[in-house]
$ cat structure_25.txt   # compact mmCIF, C-alpha atoms
# COMPACT_ATOMS: atom_id res chain seq x y z
CA MET X 1 0.00 0.00 0.00
CA PHE X 2 1.27 3.46 -0.87
CA ASP X 3 0.24 6.83 0.57
CA VAL X 4 1.08 9.90 -1.53
CA HIS X 5 0.08 13.50 -2.02
CA VAL X 6 -0.28 14.59 -5.63
CA ASP X 7 -0.91 18.27 -6.45
CA GLU X 8 -3.70 19.25 -8.82
CA GLN X 9 -1.09 20.42 -11.33
CA TYR X 10 -0.41 16.76 -12.14
CA ILE X 11 -3.95 16.07 -13.40
CA VAL X 12 -3.62 14.88 -16.98
CA PHE X 13 -7.29 14.40 -17.90
CA GLN X 14 -10.57 13.11 -16.61
CA GLU X 15 -11.57 10.15 -18.75
CA GLY X 16 -15.25 9.36 -19.01
CA THR X 17 -16.65 5.86 -19.33
CA SER X 18 -20.21 4.64 -19.58
CA GLU X 19 -20.37 4.54 -15.80
CA GLY X 20 -18.80 7.86 -14.88
CA THR X 21 -15.61 9.87 -14.76
CA GLN X 22 -12.32 8.95 -13.12
CA LYS X 23 -9.69 11.51 -12.19
CA LYS X 24 -6.13 10.61 -13.20
CA TYR X 25 -2.74 12.06 -12.38
CA LYS X 26 0.74 11.49 -13.77
CA LYS X 27 3.77 12.17 -11.61
CA ASP X 28 7.34 10.83 -11.36
CA GLY X 29 6.76 7.98 -13.79
CA TYR X 30 3.47 6.80 -12.23
CA TRP X 31 -0.17 7.04 -13.26
CA TYR X 32 -2.57 7.54 -10.34
CA LYS X 33 -6.32 6.84 -10.41
CA LEU X 34 -8.83 7.65 -7.69
CA ASP X 35 -11.70 5.30 -6.96
CA SER X 36 -14.87 6.82 -8.41
CA GLN X 37 -17.88 4.58 -7.77
CA GLY X 38 -16.54 1.52 -5.98
CA LYS X 39 -13.30 -0.17 -5.00
CA GLU X 40 -11.74 0.15 -8.44
CA GLY X 41 -8.22 0.36 -7.02
CA LEU X 42 -8.71 -2.91 -5.16
CA CYS X 43 -10.01 -4.56 -8.33
CA GLU X 44 -7.02 -3.32 -10.32
CA TYR X 45 -4.66 -4.71 -7.69
CA LEU X 46 -6.43 -8.09 -7.42
CA THR X 47 -6.59 -8.48 -11.20
CA SER X 48 -2.96 -7.65 -11.89
CA LYS X 49 -1.78 -9.82 -9.00
CA LEU X 50 -3.89 -12.68 -10.34
CA LEU X 51 -2.09 -12.43 -13.67
CA THR X 52 1.26 -13.03 -11.98
CA PHE X 53 0.00 -16.61 -11.55
CA SER X 54 -0.76 -16.89 -15.27
CA SER X 55 1.24 -17.85 -18.34
CA LEU X 56 1.15 -14.26 -19.62
CA GLU X 57 4.46 -12.44 -19.90
CA GLU X 58 5.06 -9.50 -17.55
CA ASN X 59 4.85 -7.02 -20.42
CA GLU X 60 1.38 -8.26 -21.41
CA TYR X 61 -0.44 -6.61 -18.51
CA ILE X 62 -0.12 -3.64 -16.18
CA ILE X 63 0.71 -4.12 -12.51
CA TYR X 64 -1.39 -1.94 -10.20
CA GLU X 65 -0.78 -1.08 -6.55
CA GLN X 66 -3.61 -0.16 -4.22
CA GLY X 67 -3.14 2.84 -1.94
CA LEU X 68 -4.11 6.36 -0.86
CA ILE X 69 -3.97 9.43 -3.10
CA ASN X 70 -4.41 12.67 -1.19
CA GLY X 71 -6.13 10.64 1.53
CA PHE X 72 -8.54 8.91 -0.84
CA ASN X 73 -8.54 5.31 -2.07
CA GLY X 74 -7.14 4.57 -5.50
CA CYS X 75 -4.32 2.84 -7.32
CA ARG X 76 -1.20 3.55 -9.31
CA SER X 77 0.79 1.94 -12.09
CA LYS X 78 4.16 2.65 -13.65
CA ASP X 79 4.22 4.44 -16.99
CA PHE X 80 4.98 1.57 -19.37
CA LEU X 81 5.53 3.63 -22.53
CA HIS X 82 9.02 4.01 -23.95
CA LYS X 83 10.09 7.24 -25.63
CA ASP X 84 9.38 5.92 -29.12
CA GLU X 85 5.97 4.44 -28.25
CA GLU X 86 2.45 5.82 -28.29
CA LEU X 87 -0.74 4.23 -26.96
CA ILE X 88 -3.53 4.21 -29.54
CA THR X 89 -6.93 2.91 -28.46
CA LEU X 90 -9.22 1.17 -30.92
CA TYR X 91 -11.59 4.11 -30.58
CA ARG X 92 -8.91 6.58 -31.55
CA LEU X 93 -7.53 4.38 -34.33
CA TYR X 94 -10.97 4.12 -35.92
CA TYR X 95 -11.81 7.79 -35.44
CA ASN X 96 -8.50 8.85 -37.03
CA GLU X 97 -9.19 6.59 -39.99
CA TYR X 98 -12.92 7.10 -40.54
CA GLY X 99 -14.02 10.02 -38.34
CA GLN X 100 -16.64 7.91 -36.59
CA ASP X 101 -17.22 6.33 -33.17
CA LEU X 102 -16.33 2.64 -33.45
CA ALA X 103 -18.77 1.66 -30.68
CA LYS X 104 -21.68 3.21 -32.58
CA VAL X 105 -20.58 1.50 -35.80
CA LEU X 106 -20.37 -1.88 -34.08
CA ALA X 107 -23.84 -1.44 -32.60
CA LYS X 108 -25.29 -1.53 -36.13
CA PHE X 109 -24.15 -5.12 -36.69
CA GLU X 110 -26.69 -7.81 -35.82
CA THR X 111 -24.32 -10.42 -34.39
CA MET X 112 -21.29 -10.62 -32.14
CA GLU X 113 -19.39 -12.52 -34.80
CA LYS X 114 -19.83 -9.73 -37.34
CA ARG X 115 -18.72 -7.10 -34.81
CA ILE X 116 -15.56 -9.05 -34.02
CA GLU X 117 -14.73 -9.80 -37.64
CA TYR X 118 -15.26 -6.17 -38.62
CA THR X 119 -12.92 -4.98 -35.84
CA LEU X 120 -10.21 -7.50 -36.64
CA ASP X 121 -10.39 -6.58 -40.31
CA PHE X 122 -10.23 -2.83 -39.81
CA VAL X 123 -7.23 -3.11 -37.46
CA ARG X 124 -5.38 -5.34 -39.94
CA LYS X 125 -6.08 -2.93 -42.79
CA SER X 126 -5.12 0.15 -40.75
CA THR X 127 -1.98 -1.19 -39.08
CA GLY X 128 -0.99 -4.48 -40.69
CA TYR X 129 -1.24 -6.02 -37.22
CA ASP X 130 -3.49 -8.89 -36.08
CA ILE X 131 -5.02 -8.35 -32.62
CA TYR X 132 -6.72 -11.77 -32.42
CA ASP X 133 -4.38 -13.17 -29.73
CA TYR X 134 -4.55 -9.92 -27.76
CA LEU X 135 -8.34 -10.06 -27.70
CA LYS X 136 -8.25 -13.76 -26.80
CA LYS X 137 -6.17 -13.02 -23.70
CA THR X 138 -8.17 -9.96 -22.75
CA PHE X 139 -11.60 -11.57 -23.00
CA MET X 140 -10.55 -14.64 -21.06
CA LEU X 141 -9.44 -12.32 -18.25
CA ASP X 142 -12.65 -10.31 -18.50
CA MET X 143 -14.73 -13.47 -18.16
CA ILE X 144 -12.92 -14.40 -14.94
CA ILE X 145 -13.03 -10.93 -13.35
CA LEU X 146 -16.47 -9.98 -14.74
CA ASN X 147 -15.19 -6.78 -16.36
CA GLU X 148 -18.12 -4.56 -17.33
CA ASP X 149 -16.12 -1.70 -18.84
CA ARG X 150 -14.06 -3.16 -21.69
CA HIS X 151 -15.14 -0.50 -24.15
CA VAL X 152 -13.10 0.34 -27.25
CA ASN X 153 -11.09 2.95 -25.32
CA ASN X 154 -9.85 0.14 -23.06
CA LEU X 155 -8.46 -1.90 -25.95
CA ALA X 156 -5.31 -0.53 -27.54
CA LEU X 157 -2.18 -0.91 -29.62
CA LEU X 158 1.29 0.50 -29.14
CA SER X 159 2.65 2.45 -32.09
CA TYR X 160 6.42 2.58 -32.46
CA ASP X 161 9.01 3.24 -35.17
CA ASP X 162 8.77 -0.23 -36.74
CA GLY X 163 4.99 -0.59 -36.64
CA PHE X 164 2.43 -1.75 -34.08
CA LYS X 165 2.07 -4.28 -31.29
CA SER X 166 -0.51 -5.11 -28.64
CA ALA X 167 -0.75 -2.84 -25.62
CA PRO X 168 -0.56 -4.49 -22.22
CA ILE X 169 -3.96 -5.26 -20.70
CA PHE X 170 -5.01 -2.24 -18.65
CA ASP X 171 -7.96 -0.59 -16.91
CA ASN X 172 -9.71 -3.46 -15.11
CA GLY X 173 -11.30 -1.42 -12.32
CA LYS X 174 -14.98 -1.95 -13.12
CA SER X 175 -14.81 -5.65 -12.28
CA LEU X 176 -15.65 -8.14 -9.51
CA LEU X 177 -19.07 -6.44 -9.05
CA THR X 178 -17.50 -3.14 -7.96
CA ALA X 179 -19.55 -0.22 -9.29
CA ASN X 180 -22.10 -2.74 -10.62
CA PHE X 181 -25.38 -0.85 -10.31
CA SER X 182 -27.44 -4.04 -10.56
CA TYR X 183 -25.69 -5.63 -7.56
CA ASN X 184 -28.15 -6.59 -4.82
CA LYS X 185 -26.76 -7.60 -1.43
CA ASN X 186 -29.89 -9.68 -0.82
CA PHE X 187 -29.02 -11.94 -3.76
CA SER X 188 -26.45 -14.71 -3.73
CA ILE X 189 -23.11 -14.29 -5.47
CA ALA X 190 -24.30 -16.67 -8.17
CA GLU X 191 -27.41 -14.59 -8.83
CA ASN X 192 -25.45 -11.32 -8.92
CA VAL X 193 -22.90 -12.80 -11.32
CA LYS X 194 -25.73 -13.62 -13.74
CA ARG X 195 -26.63 -9.92 -13.88
CA VAL X 196 -23.20 -8.80 -15.15
CA THR X 197 -23.06 -7.34 -18.66
CA ALA X 198 -19.97 -7.62 -20.85
CA ARG X 199 -18.54 -5.36 -23.58
CA PRO X 200 -17.77 -4.48 -26.38
CA PHE X 201 -18.90 -7.17 -28.85
CA SER X 202 -21.47 -9.00 -26.72
CA GLY X 203 -23.25 -8.66 -23.42
CA SER X 204 -21.99 -12.15 -22.54
CA HIS X 205 -18.43 -12.79 -21.37
CA GLN X 206 -18.93 -16.48 -22.06
CA ALA X 207 -19.93 -15.84 -25.68
CA MET X 208 -16.78 -13.82 -26.37
CA TYR X 209 -14.63 -16.42 -24.64
CA ASP X 210 -16.25 -19.19 -26.67
CA TYR X 211 -15.45 -17.31 -29.88
CA PHE X 212 -11.76 -16.72 -29.10
CA GLY X 213 -10.91 -19.67 -26.84
CA GLU X 214 -8.41 -19.99 -24.01
CA GLY X 215 -6.02 -17.05 -23.83
CA PHE X 216 -3.67 -18.20 -21.08
CA LYS X 217 -3.02 -20.81 -18.41
CA LEU X 218 -3.53 -20.08 -14.73
CA ASP X 219 -2.02 -21.71 -11.65
CA PHE X 220 -5.29 -22.09 -9.78
CA GLU X 221 -3.88 -23.55 -6.56
CA ALA X 222 -1.25 -20.81 -6.20
CA ALA X 223 -3.84 -18.11 -6.92
CA ILE X 224 -6.28 -19.46 -4.33
CA LYS X 225 -3.50 -19.74 -1.74
CA TRP X 226 -2.64 -16.07 -2.31
CA LEU X 227 -6.29 -14.96 -2.13
CA ASN X 228 -6.81 -16.79 1.15
CA ASP X 229 -4.22 -14.45 2.68
CA GLU X 230 -5.81 -11.29 1.28
CA PRO X 231 -8.07 -9.14 3.51
CA LYS X 232 -11.71 -10.14 3.25
CA SER X 233 -13.80 -8.09 0.83
CA LEU X 234 -16.67 -8.64 -1.58
CA GLU X 235 -14.24 -8.22 -4.49
CA ARG X 236 -11.90 -10.89 -3.15
CA ASP X 237 -14.81 -13.26 -2.52
CA ILE X 238 -16.10 -12.73 -6.08
CA LEU X 239 -12.68 -13.52 -7.52
CA VAL X 240 -12.46 -16.72 -5.43
CA TYR X 241 -15.97 -17.67 -6.60
CA GLN X 242 -15.04 -17.09 -10.24
CA LEU X 243 -11.81 -19.07 -10.04
CA LYS X 244 -13.57 -22.02 -8.43
CA ARG X 245 -16.34 -21.74 -11.02
CA TYR X 246 -13.95 -22.15 -13.93
CA TYR X 247 -11.15 -24.24 -12.44
CA CYS X 248 -12.88 -26.73 -10.13

$ encode --input "structure_25.txt" --output "structure tokens"
Amino acid sequence: MFDVHVDEQYIVFQEGTSEGTQKKYKKDGYWYKLDSQGKEGLCEYLTSKLLTFSSLEENEYIIYEQGLINGFNGCRSKDFLHKDEELITLYRLYYNEYGQDLAKVLAKFETMEKRIEYTLDFVRKSTGYDIYDYLKKTFMLDMIILNEDRHVNNLALLSYDDGFKSAPIFDNGKSLLTANFSYNKNFSIAENVKRVTARPFSGSHQAMYDYFGEGFKLDFEAAIKWLNDEPKSLERDILVYQLKRYYC
């Protein structure tokens, strides 16, 4: 856990999502994000720690630390960009190319399969890069953590001198039922999990996972052992439930 004071001069932008706005700062090589509607910082920490027990390489995801920012809960991550790199989200890539909102374009397609195929095709044509494996890894993670905010600004490429490559998986805060407005404490975990809605190609995490397949291996026993030592919270309990759901 960290505890820092960050002056307002370090605010970079306030990025809106479908669920609200999250204040961000950048200082001394770190990005800082305040919790906005739930325990997003805790979810970021739990998710990135979980991935240390996976077959993903360290550069394929962002590590988040939970802590206090100006006395308020949040998280931070190291700036992963090198001097010759630029992060380009799928939203921005599409807007630069066609001047339209990719999410609105995708909404016009009748099926998940057509939305996915259209996205894969446009990225290949625009960059020469195939993001299939990147999406496979991302949507497997989202299914486990119940990510409800994987919009097209949370999927990205890295642009560098020689071309493009996948960005590390980032921004997993709206997961594990945190900031889930349909959550009802009177319902069981199983019932609440059924009410989760996925993005961006389908409302079903399972459907997107079924399309892409397994994205990585996970050491279930090691992950559960770690979680048993974590402080009790709804978010931790949801993650344990999800891991047992898929690995037992």

$ closest_residue --input "structure_25.txt" --among "X:Glu148, X:Glu117, X:Tyr211, X:Tyr132" --to "X:Phe181" --atoms "all atoms listed in the file"
X:Glu148

$ closest_residue --input "structure_25.txt" --among "X:Asn154, X:Thr138, X:Asn59, X:Gln66" --to "X:Met208" --atoms "only C-alpha atoms"
X:Thr138

$ residues_around --input "structure_25.txt" --residues "X:Leu42" --least-positions-apart "4" --cutoff "9 Å" --atoms "all atoms listed in the file" --output "VMD selection string"
chain X and resid 35 46 to 47 64 to 67 73 to 75 173 235 to 236

$ write_last_selection --input "structure_25.txt" --atoms "C-alpha atoms" --output "mmCIF file, keeping the file's coordinate frame"
data_model
loop_
_atom_site.group_PDB
_atom_site.id
_atom_site.type_symbol
_atom_site.label_atom_id
_atom_site.label_comp_id
_atom_site.auth_asym_id
_atom_site.auth_seq_id
_atom_site.Cartn_x
_atom_site.Cartn_y
_atom_site.Cartn_z
ATOM 1 C CA ASP X 35 -11.700 5.300 -6.960
ATOM 2 C CA LEU X 46 -6.430 -8.090 -7.420
ATOM 3 C CA THR X 47 -6.590 -8.480 -11.200
ATOM 4 C CA TYR X 64 -1.390 -1.940 -10.200
ATOM 5 C CA GLU X 65 -0.780 -1.080 -6.550
ATOM 6 C CA GLN X 66 -3.610 -0.160 -4.220
ATOM 7 C CA GLY X 67 -3.140 2.840 -1.940
ATOM 8 C CA ASN X 73 -8.540 5.310 -2.070
ATOM 9 C CA GLY X 74 -7.140 4.570 -5.500
ATOM 10 C CA CYS X 75 -4.320 2.840 -7.320
ATOM 11 C CA GLY X 173 -11.300 -1.420 -12.320
ATOM 12 C CA GLU X 235 -14.240 -8.220 -4.490
ATOM 13 C CA ARG X 236 -11.900 -10.890 -3.150
#

$ axis_aligned_box --input "structure_25.txt" --around "stretch 26-30 of chain X" --padding-each-side "6 Å" --output "AutoDock Vina command-line options"
--center_x 4.0 --center_y 9.5 --center_z -12.6 --size_x 18.6 --size_y 17.4 --size_z 14.4

$ closest_residue --input "structure_25.txt" --among "X:Gln242, X:Asn228, X:Ser36, X:Thr197" --to "X:Ile144" --atoms "all atoms listed in the file"
X:Gln242

$ closest_residue --input "structure_25.txt" --among "X:Arg199, X:Val240, X:Thr111, X:Gly41" --to "X:Lys225" --atoms "all atoms listed in the file"
X:Val240

$ residues_near_point --input "structure_25.txt" --point "(-9.3, 2.4, -30.4)" --cutoff "9 Å" --atoms "all atoms listed in the file" --output "PDB file with C-alpha atoms, in the frame of the given file"
ATOM      1  CA  ILE X  88      -3.530   4.210 -29.540  1.00  0.00           C
ATOM      2  CA  THR X  89      -6.930   2.910 -28.460  1.00  0.00           C
ATOM      3  CA  LEU X  90      -9.220   1.170 -30.920  1.00  0.00           C
ATOM      4  CA  TYR X  91     -11.590   4.110 -30.580  1.00  0.00           C
ATOM      5  CA  ARG X  92      -8.910   6.580 -31.550  1.00  0.00           C
ATOM      6  CA  LEU X  93      -7.530   4.380 -34.330  1.00  0.00           C
ATOM      7  CA  TYR X  94     -10.970   4.120 -35.920  1.00  0.00           C
ATOM      8  CA  TYR X  95     -11.810   7.790 -35.440  1.00  0.00           C
ATOM      9  CA  LEU X 102     -16.330   2.640 -33.450  1.00  0.00           C
ATOM     10  CA  VAL X 152     -13.100   0.340 -27.250  1.00  0.00           C
ATOM     11  CA  ASN X 153     -11.090   2.950 -25.320  1.00  0.00           C
ATOM     12  CA  ASN X 154      -9.850   0.140 -23.060  1.00  0.00           C
ATOM     13  CA  LEU X 155      -8.460  -1.900 -25.950  1.00  0.00           C
ATOM     14  CA  ALA X 156      -5.310  -0.530 -27.540  1.00  0.00           C
ATOM     15  CA  LEU X 157      -2.180  -0.910 -29.620  1.00  0.00           C
TER      16      LEU X 157
END

$ residues_around --input "structure_25.txt" --residues "X:Arg245" --least-positions-apart "3" --cutoff "12 Å" --atoms "all atoms listed in the file" --output "list in words"
Met143, Ile144, Ile145, Ile189, Ala190, Val193, Phe220, Ile238, Leu239, Val240, Tyr241, Gln242 and Cys248 of chain X

$ closest_residue --input "structure_25.txt" --among "X:Asp149, X:Glu58, X:Gly29, X:Phe122" --to "X:Val105" --atoms "all atoms listed in the file"
X:Phe122

$ atom_distance --input "structure_25.txt" --atom1 "atom CA of X:Asn172" --atom2 "atom CA of X:Tyr61"
10.4 Å

$ closest_residue --input "structure_25.txt" --among "X:Arg195, X:Lys185, X:Lys104, X:Lys83" --to "X:Leu158" --atoms "only C-alpha atoms"
X:Lys83

$ closest_atom_pairs --input "structure_25.txt" --of "stretch 17-72 of chain X" --to "stretch 1-11 of chain X" --cutoff "7 Å" --atoms "only C-alpha atoms" --output "tab-separated table"
residue	atom	partner	partner_atom	distance
X:Lys24	CA	X:Ile11	CA	5.9
X:Tyr25	CA	X:Ile11	CA	4.3
X:Lys26	CA	X:Tyr10	CA	5.6
X:Lys27	CA	X:Tyr10	CA	6.2
X:Glu65	CA	X:Met1	CA	6.7
X:Gln66	CA	X:Met1	CA	5.6
X:Gly67	CA	X:Phe2	CA	4.6
X:Leu68	CA	X:Asp3	CA	4.6
X:Ile69	CA	X:Val4	CA	5.3
X:Asn70	CA	X:His5	CA	4.6

$ atom_distance --input "structure_25.txt" --atom1 "atom CA of X:Leu177" --atom2 "atom CA of X:Lys232"
14.8 Å

$ atom_distance --input "structure_25.txt" --atom1 "atom CA of X:Ala103" --atom2 "atom CA of X:Val123"
14.2 Å
